[in-house]
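J.: Next comes input00.pdb, PDB, C-alpha atoms:
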```
MODEL        1
ATOM      1  CA  MET U1451      28.654  31.190 -22.424  1.00  0.00           C
ATOM      2  CA  LYS U1452      25.073  30.077 -22.621  1.00  0.00           C
ATOM      3  CA  PRO U1453      25.594  26.833 -20.685  1.00  0.00           C
ATOM      4  CA  ARG U1454      27.422  28.722 -17.956  1.00  0.00           C
ATOM      5  CA  THR U1455      24.699  31.359 -17.758  1.00  0.00           C
ATOM      6  CA  THR U1456      22.013  28.711 -17.598  1.00  0.00           C
ATOM      7  CA  LEU U1457      23.863  26.844 -14.865  1.00  0.00           C
ATOM      8  CA  LEU U1458      24.230  29.979 -12.764  1.00  0.00           C
ATOM      9  CA  ALA U1459      20.551  30.722 -13.196  1.00  0.00           C
ATOM     10  CA  LEU U1460      19.561  27.232 -12.052  1.00  0.00           C
ATOM     11  CA  ILE U1461      21.778  27.529  -8.968  1.00  0.00           C
ATOM     12  CA  GLY U1462      20.719  31.055  -8.122  1.00  0.00           C
ATOM     13  CA  PHE U1463      16.978  30.558  -8.465  1.00  0.00           C
ATOM     14  CA  PRO U1464      16.560  28.250  -5.430  1.00  0.00           C
ATOM     15  CA  LEU U1465      18.788  30.534  -3.349  1.00  0.00           C
ATOM     16  CA  MET U1466      16.711  33.559  -4.264  1.00  0.00           C
ATOM     17  CA  ALA U1467      13.494  31.686  -3.534  1.00  0.00           C
ATOM     18  CA  ALA U1468      14.829  30.565  -0.148  1.00  0.00           C
ATOM     19  CA  GLY U1469      15.851  34.109   0.719  1.00  0.00           C
ATOM     20  CA  ALA U1470      12.476  35.473  -0.283  1.00  0.00           C
ATOM     21  CA  GLY U1471      10.647  33.039   2.002  1.00  0.00           C
ATOM     22  CA  ALA U1472      13.053  33.265   4.929  1.00  0.00           C
ATOM     23  CA  ASP U1473      10.813  35.628   6.851  1.00  0.00           C
ATOM     24  CA  GLU U1474       7.735  33.483   6.339  1.00  0.00           C
ATOM     25  CA  ALA U1475       6.796  30.896   8.931  1.00  0.00           C
ATOM     26  CA  PRO U1476       7.087  27.331   7.668  1.00  0.00           C
ATOM     27  CA  ALA U1477       3.832  25.680   6.790  1.00  0.00           C
ATOM     28  CA  PRO U1478       2.802  23.418   9.658  1.00  0.00           C
ATOM     29  CA  VAL U1479       2.513  19.742   8.908  1.00  0.00           C
ATOM     30  CA  THR U1480      -1.077  18.770   9.410  1.00  0.00           C
ATOM     31  CA  GLU U1481      -1.727  15.882  11.735  1.00  0.00           C
ATOM     32  CA  GLN U1482      -4.073  14.380   9.173  1.00  0.00           C
ATOM     33  CA  ALA U1483      -1.197  13.907   6.716  1.00  0.00           C
ATOM     34  CA  ALA U1484       0.880  12.017   9.289  1.00  0.00           C
ATOM     35  CA  THR U1485      -1.987   9.921  10.659  1.00  0.00           C
ATOM     36  CA  PRO U1486      -3.167   6.906   8.655  1.00  0.00           C
ATOM     37  CA  SER U1487      -6.804   6.771   7.662  1.00  0.00           C
ATOM     38  CA  ALA U1488      -9.303   4.821   9.704  1.00  0.00           C
ATOM     39  CA  THR U1489      -9.566   2.228   6.921  1.00  0.00           C
ATOM     40  CA  VAL U1490      -5.810   1.638   6.895  1.00  0.00           C
ATOM     41  CA  THR U1491      -5.690   1.362  10.687  1.00  0.00           C
ATOM     42  CA  ARG U1492      -8.618  -1.055  10.759  1.00  0.00           C
ATOM     43  CA  TRP U1493      -7.063  -3.319   8.139  1.00  0.00           C
ATOM     44  CA  ALA U1494      -3.656  -3.232   9.780  1.00  0.00           C
ATOM     45  CA  ASP U1495      -5.245  -4.246  13.085  1.00  0.00           C
ATOM     46  CA  ARG U1496      -7.253  -7.005  11.434  1.00  0.00           C
ATOM     47  CA  CYS U1497      -4.326  -8.513   9.556  1.00  0.00           C
ATOM     48  CA  ALA U1498      -1.991  -8.406  12.558  1.00  0.00           C
ATOM     49  CA  ASN U1499      -4.523 -10.143  14.796  1.00  0.00           C
ATOM     50  CA  PHE U1500      -4.565 -13.944  14.614  1.00  0.00           C
ATOM     51  CA  THR U1501      -8.215 -14.048  15.634  1.00  0.00           C
ATOM     52  CA  THR U1502      -9.278 -12.114  12.530  1.00  0.00           C
ATOM     53  CA  ASN U1503      -6.518 -12.372   9.910  1.00  0.00           C
ATOM     54  CA  GLY U1504      -7.262 -14.311   6.744  1.00  0.00           C
ATOM     55  CA  TRP U1505     -10.746 -12.795   6.626  1.00  0.00           C
ATOM     56  CA  ALA U1506     -10.043 -11.208   3.258  1.00  0.00           C
ATOM     57  CA  PHE U1507      -9.556 -14.571   1.567  1.00  0.00           C
ATOM     58  CA  LYS U1508     -12.639 -16.250   2.981  1.00  0.00           C
ATOM     59  CA  ALA U1509     -14.920 -14.701   0.370  1.00  0.00           C
ATOM     60  CA  PRO U1510     -14.388 -12.940  -2.998  1.00  0.00           C
ATOM     61  CA  ARG U1511     -16.258  -9.870  -1.742  1.00  0.00           C
ATOM     62  CA  ASN U1512     -13.881  -9.635   1.207  1.00  0.00           C
ATOM     63  CA  PHE U1513     -10.917 -10.003  -1.125  1.00  0.00           C
ATOM     64  CA  LEU U1514     -11.948  -6.988  -3.195  1.00  0.00           C
ATOM     65  CA  GLN U1515     -12.009  -4.852  -0.051  1.00  0.00           C
ATOM     66  CA  TRP U1516      -8.584  -6.170   0.940  1.00  0.00           C
ATOM     67  CA  LEU U1517      -7.142  -5.553  -2.518  1.00  0.00           C
ATOM     68  CA  ASP U1518      -8.420  -1.981  -2.531  1.00  0.00           C
ATOM     69  CA  VAL U1519      -6.415  -1.264   0.631  1.00  0.00           C
ATOM     70  CA  PHE U1520      -3.318  -3.396   0.069  1.00  0.00           C
ATOM     71  CA  SER U1521      -2.686  -2.211  -3.477  1.00  0.00           C
ATOM     72  CA  ASP U1522      -2.146   1.268  -2.030  1.00  0.00           C
ATOM     73  CA  PRO U1523       1.155   2.235  -0.346  1.00  0.00           C
ATOM     74  CA  GLY U1524      -0.571   3.673   2.719  1.00  0.00           C
ATOM     75  CA  VAL U1525      -1.145   0.362   4.496  1.00  0.00           C
ATOM     76  CA  HIS U1526       2.416  -0.780   3.824  1.00  0.00           C
ATOM     77  CA  GLN U1527       3.733   2.420   5.369  1.00  0.00           C
ATOM     78  CA  GLU U1528       1.562   1.691   8.405  1.00  0.00           C
ATOM     79  CA  PHE U1529       2.985  -1.839   8.701  1.00  0.00           C
ATOM     80  CA  ALA U1530       6.512  -0.434   8.397  1.00  0.00           C
ATOM     81  CA  ARG U1531       5.767   2.034  11.184  1.00  0.00           C
ATOM     82  CA  ARG U1532       4.427  -0.723  13.424  1.00  0.00           C
ATOM     83  CA  GLY U1533       7.363  -2.953  12.585  1.00  0.00           C
ATOM     84  CA  LEU U1534       9.665  -0.497  14.297  1.00  0.00           C
ATOM     85  CA  ASP U1535       7.844  -0.850  17.619  1.00  0.00           C
ATOM     86  CA  PRO U1536       8.140  -4.185  19.485  1.00  0.00           C
ATOM     87  CA  GLN U1537       4.846  -3.613  21.272  1.00  0.00           C
ATOM     88  CA  TYR U1538       2.933  -4.298  18.065  1.00  0.00           C
ATOM     89  CA  PHE U1539       4.622  -7.693  17.818  1.00  0.00           C
ATOM     90  CA  LEU U1540       3.675  -8.441  21.422  1.00  0.00           C
ATOM     91  CA  ALA U1541       0.044  -7.580  20.698  1.00  0.00           C
ATOM     92  CA  SER U1542       0.062  -9.854  17.648  1.00  0.00           C
ATOM     93  CA  LEU U1543       1.583 -12.751  19.586  1.00  0.00           C
ATOM     94  CA  ASP U1544      -0.897 -12.212  22.398  1.00  0.00           C
ATOM     95  CA  SER U1545      -3.758 -12.666  19.931  1.00  0.00           C
ATOM     96  CA  LEU U1546      -2.191 -15.977  18.876  1.00  0.00           C
ATOM     97  CA  LEU U1547      -2.810 -17.300  22.388  1.00  0.00           C
ATOM     98  CA  ASP U1548      -6.455 -16.251  22.288  1.00  0.00           C
ATOM     99  CA  PRO U1549      -9.115 -18.984  21.917  1.00  0.00           C
ATOM    100  CA  GLY U1550     -10.483 -17.011  18.980  1.00  0.00           C
ATOM    101  CA  THR U1551      -7.473 -18.067  16.899  1.00  0.00           C
ATOM    102  CA  PRO U1552      -8.517 -21.707  16.405  1.00  0.00           C
ATOM    103  CA  ARG U1553     -12.061 -20.528  15.736  1.00  0.00           C
ATOM    104  CA  ASN U1554     -10.731 -18.230  13.031  1.00  0.00           C
ATOM    105  CA  TYR U1555      -8.701 -20.921  11.299  1.00  0.00           C
ATOM    106  CA  LEU U1556     -11.406 -23.572  11.560  1.00  0.00           C
ATOM    107  CA  GLU U1557     -13.421 -21.446   9.143  1.00  0.00           C
ATOM    108  CA  TRP U1558     -11.050 -22.591   6.401  1.00  0.00           C
ATOM    109  CA  THR U1559     -12.611 -26.045   6.624  1.00  0.00           C
ATOM    110  CA  ASN U1560     -16.005 -24.710   5.546  1.00  0.00           C
ATOM    111  CA  PRO U1561     -16.837 -26.142   2.083  1.00  0.00           C
ATOM    112  CA  ASP U1562     -18.977 -23.095   1.279  1.00  0.00           C
ATOM    113  CA  LEU U1563     -15.815 -20.956   1.289  1.00  0.00           C
ATOM    114  CA  TYR U1564     -14.349 -22.852  -1.645  1.00  0.00           C
ATOM    115  CA  ALA U1565     -17.692 -22.927  -3.455  1.00  0.00           C
ATOM    116  CA  GLN U1566     -17.795 -19.103  -3.342  1.00  0.00           C
ATOM    117  CA  TRP U1567     -14.311 -18.880  -4.855  1.00  0.00           C
ATOM    118  CA  ALA U1568     -15.231 -21.371  -7.559  1.00  0.00           C
ATOM    119  CA  ARG U1569     -18.190 -19.204  -8.548  1.00  0.00           C
ATOM    120  CA  ALA U1570     -16.023 -16.067  -8.524  1.00  0.00           C
ATOM    121  CA  ALA U1571     -13.406 -17.747 -10.727  1.00  0.00           C
ATOM    122  CA  ALA U1572     -16.047 -18.166 -13.415  1.00  0.00           C
ATOM    123  CA  ASP U1573     -17.528 -14.670 -13.036  1.00  0.00           C
ATOM    124  CA  PRO U1574     -16.158 -12.038 -15.490  1.00  0.00           C
ATOM    125  CA  GLU U1575     -17.412  -9.231 -13.228  1.00  0.00           C
ATOM    126  CA  PHE U1576     -15.016 -10.372 -10.513  1.00  0.00           C
ATOM    127  CA  TYR U1577     -12.026  -9.964 -12.850  1.00  0.00           C
ATOM    128  CA  THR U1578     -13.353  -6.586 -13.984  1.00  0.00           C
ATOM    129  CA  ALA U1579     -13.500  -5.411 -10.381  1.00  0.00           C
ATOM    130  CA  VAL U1580      -9.938  -6.649  -9.728  1.00  0.00           C
ATOM    131  CA  ASN U1581      -8.586  -4.892 -12.827  1.00  0.00           C
ATOM    132  CA  GLY U1582     -10.393  -1.688 -11.883  1.00  0.00           C
ATOM    133  CA  ILE U1583      -8.557  -1.646  -8.569  1.00  0.00           C
ATOM    134  CA  VAL U1584      -5.113  -2.756  -9.749  1.00  0.00           C
ATOM    135  CA  PHE U1585      -4.902  -0.490 -12.789  1.00  0.00           C
ATOM    136  CA  ASP U1586      -6.264   2.637 -11.138  1.00  0.00           C
ATOM    137  CA  PRO U1587      -4.094   5.540 -12.418  1.00  0.00           C
ATOM    138  CA  GLY U1588      -4.305   7.424  -9.139  1.00  0.00           C
ATOM    139  CA  ARG U1589      -3.114   4.377  -7.234  1.00  0.00           C
ATOM    140  CA  LEU U1590      -0.199   3.916  -9.617  1.00  0.00           C
ATOM    141  CA  MET U1591       0.788   7.568  -9.203  1.00  0.00           C
ATOM    142  CA  ARG U1592       0.883   7.184  -5.413  1.00  0.00           C
ATOM    143  CA  TRP U1593       3.376   4.341  -5.806  1.00  0.00           C
ATOM    144  CA  ILE U1594       5.506   6.413  -8.186  1.00  0.00           C
ATOM    145  CA  MET U1595       5.541   9.340  -5.760  1.00  0.00           C
ATOM    146  CA  LEU U1596       6.308   7.118  -2.750  1.00  0.00           C
ATOM    147  CA  PRO U1597      10.041   8.040  -2.612  1.00  0.00           C
ATOM    148  CA  LEU U1598       9.011  11.698  -2.302  1.00  0.00           C
ATOM    149  CA  ASP U1599       6.405  11.076   0.402  1.00  0.00           C
ATOM    150  CA  GLY U1600       7.271  12.632   3.751  1.00  0.00           C
ATOM    151  CA  LYS U1601       6.027   9.530   5.591  1.00  0.00           C
ATOM    152  CA  THR U1602       8.637   7.423   3.805  1.00  0.00           C
ATOM    153  CA  TRP U1603      11.477   9.644   4.981  1.00  0.00           C
ATOM    154  CA  GLU U1604      10.003   9.807   8.457  1.00  0.00           C
ATOM    155  CA  LEU U1605      10.041   5.991   8.612  1.00  0.00           C
ATOM    156  CA  ALA U1606      13.631   5.920   7.423  1.00  0.00           C
ATOM    157  CA  GLY U1607      14.612   8.392  10.134  1.00  0.00           C
ATOM    158  CA  THR U1608      12.826   6.332  12.789  1.00  0.00           C
ATOM    159  CA  ALA U1609      14.567   3.160  11.609  1.00  0.00           C
ATOM    160  CA  ILE U1610      18.042   4.630  12.123  1.00  0.00           C
ATOM    161  CA  ASN U1611      17.109   6.391  15.345  1.00  0.00           C
ATOM    162  CA  PRO U1612      19.029   4.883  18.307  1.00  0.00           C
ATOM    163  CA  THR U1613      15.855   5.094  20.398  1.00  0.00           C
ATOM    164  CA  THR U1614      14.235   2.518  18.135  1.00  0.00           C
ATOM    165  CA  TRP U1615      17.088   0.074  18.632  1.00  0.00           C
ATOM    166  CA  VAL U1616      17.069   0.635  22.384  1.00  0.00           C
ATOM    167  CA  LYS U1617      13.375  -0.327  22.432  1.00  0.00           C
ATOM    168  CA  TRP U1618      14.170  -3.622  20.746  1.00  0.00           C
ATOM    169  CA  LEU U1619      17.141  -4.332  22.980  1.00  0.00           C
ATOM    170  CA  ASN U1620      15.040  -3.724  26.085  1.00  0.00           C
ATOM    171  CA  ALA U1621      11.987  -5.592  24.774  1.00  0.00           C
ATOM    172  CA  PRO U1622      12.858  -8.967  26.426  1.00  0.00           C
ATOM    173  CA  ASN U1623      13.019  -7.295  29.851  1.00  0.00           C
ATOM    174  CA  ASP U1624       9.794  -5.353  29.359  1.00  0.00           C
ATOM    175  CA  PRO U1625       7.087  -6.374  31.878  1.00  0.00           C
ATOM    176  CA  ARG U1626       4.621  -6.774  29.012  1.00  0.00           C
ATOM    177  CA  THR U1627       6.960  -9.261  27.333  1.00  0.00           C
ATOM    178  CA  GLN U1628       7.368 -11.180  30.555  1.00  0.00           C
ATOM    179  CA  ALA U1629       3.589 -11.246  30.993  1.00  0.00           C
ATOM    180  CA  LEU U1630       3.232 -12.694  27.505  1.00  0.00           C
ATOM    181  CA  PHE U1631       5.759 -15.436  28.285  1.00  0.00           C
ATOM    182  CA  ALA U1632       3.894 -16.251  31.489  1.00  0.00           C
ATOM    183  CA  LYS U1633       0.604 -16.437  29.607  1.00  0.00           C
ATOM    184  CA  ALA U1634       2.119 -18.779  27.014  1.00  0.00           C
ATOM    185  CA  ALA U1635       3.465 -21.075  29.745  1.00  0.00           C
ATOM    186  CA  ASP U1636       0.167 -21.134  31.640  1.00  0.00           C
ATOM    187  CA  PRO U1637      -1.574 -24.530  31.185  1.00  0.00           C
ATOM    188  CA  ALA U1638      -4.930 -22.745  31.257  1.00  0.00           C
ATOM    189  CA  THR U1639      -4.024 -20.954  28.021  1.00  0.00           C
ATOM    190  CA  THR U1640      -3.375 -24.266  26.273  1.00  0.00           C
ATOM    191  CA  ARG U1641      -6.560 -25.759  27.710  1.00  0.00           C
ATOM    192  CA  ARG U1642      -8.750 -22.901  26.475  1.00  0.00           C
ATOM    193  CA  TRP U1643      -7.071 -23.083  23.052  1.00  0.00           C
ATOM    194  CA  LEU U1644      -7.724 -26.830  22.725  1.00  0.00           C
ATOM    195  CA  GLU U1645     -11.285 -26.470  23.972  1.00  0.00           C
ATOM    196  CA  ALA U1646     -11.978 -23.896  21.267  1.00  0.00           C
ATOM    197  CA  LEU U1647     -10.376 -26.183  18.696  1.00  0.00           C
ATOM    198  CA  GLY U1648     -12.701 -29.044  19.593  1.00  0.00           C
ATOM    199  CA  ASP U1649     -15.845 -26.984  20.118  1.00  0.00           C
ATOM    200  CA  PRO U1650     -18.497 -28.130  17.576  1.00  0.00           C
ATOM    201  CA  ASN U1651     -19.993 -24.635  17.518  1.00  0.00           C
ATOM    202  CA  ASN U1652     -16.786 -23.271  15.974  1.00  0.00           C
ATOM    203  CA  ALA U1653     -17.113 -25.572  12.956  1.00  0.00           C
ATOM    204  CA  PRO U1654     -20.686 -26.872  12.743  1.00  0.00           C
ATOM    205  CA  TRP U1655     -20.116 -28.102   9.176  1.00  0.00           C
ATOM    206  CA  LEU U1656     -17.656 -30.667  10.566  1.00  0.00           C
ATOM    207  CA  HIS U1657     -20.237 -31.895  13.088  1.00  0.00           C
ATOM    208  CA  PRO U1658     -23.505 -32.419  11.214  1.00  0.00           C
ATOM    209  CA  ALA U1659     -26.598 -32.764  13.356  1.00  0.00           C
ATOM    210  CA  PRO U1660     -27.800 -36.346  13.770  1.00  0.00           C
ATOM    211  CA  ARG U1661     -30.722 -37.305  11.576  1.00  0.00           C
ATOM    212  CA  PRO U1662     -34.008 -37.778  13.393  1.00  0.00           C
ATOM    213  CA  ALA U1663     -35.256 -41.334  13.779  1.00  0.00           C
ATOM    214  CA  PRO U1664     -37.693 -42.358  11.021  1.00  0.00           C
ATOM    215  CA  MET U1665     -41.347 -42.282  11.959  1.00  0.00           C
ATOM    216  CA  PRO U1666     -42.963 -45.722  12.163  1.00  0.00           C
ATOM    217  CA  THR U1667     -45.260 -46.530   9.277  1.00  0.00           C
ATOM    218  CA  GLY U1668     -48.486 -48.532   9.181  1.00  0.00           C
ATOM    219  CA  ASN U1669     -51.667 -48.566  11.253  1.00  0.00           C
ATOM    220  CA  PRO U1670     -50.947 -48.163  14.999  1.00  0.00           C
ATOM    221  CA  ALA U1671     -53.825 -50.478  15.895  1.00  0.00           C
ATOM    222  CA  THR U1672     -52.416 -53.231  13.679  1.00  0.00           C
ATOM    223  CA  ARG U1673     -48.983 -52.892  15.276  1.00  0.00           C
ATOM    224  CA  MET U1674     -50.493 -53.197  18.760  1.00  0.00           C
ATOM    225  CA  LYS U1675     -52.324 -56.427  17.870  1.00  0.00           C
ATOM    226  CA  SER U1676     -49.168 -57.921  16.499  1.00  0.00           C
TER
ENDMDL
END
```
For the structure just supplied, provide its representation as structure tokens.
T.:
Amino acid sequence: MKPRTTLLALIGFPLMAAGAGADEAPAPVTEQAATPSATVTRWADRCANFTTNGWAFKAPRNFLQWLDVFSDPGVHQEFARRGLDPQYFLASLDSLLDPGTPRNYLEWTNPDLYAQWARAAADPEFYTAVNGIVFDPGRLMRWIMLPLDGKTWELAGTAINPTTWVKWLNAPNDPRTQALFAKAADPATTRRWLEALGDPNNAPWLHPAPRPAPMPTGNPATRMKS
């Protein structure tokens, strides 16, 4: 009889608790809980923009900031939310056509970038900082509790919502999509992109300044007589 009594108690307790709180108004969901932090939003914008993405890997100090954000589930939830809206993809593709994109990727040809990483690879403090971020107990707990996070279930509901699929089906006919296609086909867009790619100011290390002419040596009066 004990197992049966215990089972009835387990079933009855939630029902009693629900009945007791039936007259109470449900706790409102705060907007802060549903809105990503400013840091998450800033990093999501930076990584989805072709004029600024890759910044985190251009210096070890930048990488530590990136790792602190991307080892947390919050930024991945933000990317999942944006992935359900075609307008975010249009904004990302629009940045690809910007002249700032070649400028951004030309920075990878800077030899100083690789020298910084070589120094970090031999620095024990760099590995200590990485381990401190990756093995943070609070961060690990947020990953464990991710299936119980309300944002996760909200994303799942949005993904199966017919409205989301209608947005994607109508995306090719959206005026903003058509404007992006027109911008990509515009010869001026290609010209500005190529001009930025060949601009010496965007990669001065690839275009070293010419050395000044050597100063003539000897006595000027002697040179004039000769």
J.: Leaving out range 1588-1603 of chain U and any residue of its chain fewer than 5 positions from it, which residues lie within 8 Å of it when counting all atoms listed in the file, given as a list in words?
T.: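 Neighbouring residues, sequence-local ones excluded: Ala1484, Ser1521, Asp1522, Pro1523 and Gln1527 of chain U.
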J.: Restricted to C-alpha atoms, what would the selected residues look like written as a JSON list (two decimals), in the coordinates of the input?
T.:
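File written: again-v9.json
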```
[["chain", "number", "residue", "atom", "x", "y", "z"],
["U", 1484, "ALA", "CA", 0.88, 12.02, 9.29],
["U", 1521, "SER", "CA", -2.69, -2.21, -3.48],
["U", 1522, "ASP", "CA", -2.15, 1.27, -2.03],
["U", 1523, "PRO", "CA", 1.16, 2.24, -0.35],
["U", 1527, "GLN", "CA", 3.73, 2.42, 5.37]]
```
J.: Got a sec to resolve the PyMOL selection byres ((chain U and resi 1544-1548) around 7) on this structure and send the residues as a count of residues only?
T.: 14
J.: Take the PyMOL selection byres ((chain U and resi 1575-1585) around 9), run it mentally on this structure, and tell me the resulting residues as a list in words.
T.: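 Evaluating the PyMOL selection byres ((chain U and resi 1575-1585) around 9) on this file yields Pro1510, Arg1511, Leu1514, Leu1517, Asp1518, Ser1521, Ala1570, Ala1571, Ala1572, Asp1573, Pro1574, Asp1586, Pro1587, Gly1588, Arg1589 and Leu1590 of chain U.
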J.: Against range 1609-1627 of chain U, which residues of range 1480-1591 of chain U fall within 8 Å? For each one I want the closest pair of atoms and the distance in Å (one decimal), counting only C-alpha atoms, rows by chain and increasing residue number, as a Markdown table.
T.:
```
| residue | atom | partner | partner_atom | distance |
| --- | --- | --- | --- | --- |
| U:Leu1534 | CA | U:Ala1609 | CA | 6.7 |
| U:Asp1535 | CA | U:Thr1614 | CA | 7.2 |
| U:Pro1536 | CA | U:Trp1618 | CA | 6.2 |
| U:Leu1540 | CA | U:Thr1627 | CA | 6.8 |
```
J.: CA of Ala1509 in chain U to CA of Thr1491 in chain U: how many Å, to one decimal?
T.: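 Interatomic distance, CA of Ala1509 in chain U to CA of Thr1491 in chain U: 21.2 Å.
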J.: With all atoms listed in the file as the atoms that count, which of U:Leu1647, U:Asp1495, U:Trp1505, U:Phe1513 lies nearest to Phe1539 in chain U?
T.: U:Asp1495
J.: So the first atom is CA of Val1490 in chain U and the second is CA of Phe1529 in chain U; what is the distance between them in Å, to one decimal place?
T.: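 Calculated distance between CA of Val1490 in chain U and CA of Phe1529 in chain U is 9.6 Å.
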J.: Quick one: residues within 12 Å of Gly1504 in chain U, only C-alpha atoms counted, chain neighbours fewer than 6 positions away excluded, as a VMD selection string?
T.: chain U and resid 1493 1496 to 1498 1512 to 1513 1516 1551 1553 to 1558
J.: Calculated over all atoms listed in the file, which of the candidates U:Pro1552, U:Glu1604, U:Thr1640, U:Asn1560 has the smallest distance to Asn1503 in chain U?
T.: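 Looking at the shortest contact to Asn1503 in chain U, the residue is U:Pro1552.
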J.: Would you kindly return, as a PyMOL selection string, each protein, DNA or RNA residue with an atom no farther than 12 Å from any atom of Ala1488 in chain U, considering only C-alpha atoms and excluding same-chain residues fewer than 6 positions away?
T.: chain U and resi 1482+1494-1495+1519+1524-1525+1528
J.: Work out how far apart CA of Pro1654 in chain U and CA of Pro1637 in chain U are and give it in Å to one decimal.
T.: 26.7 Å
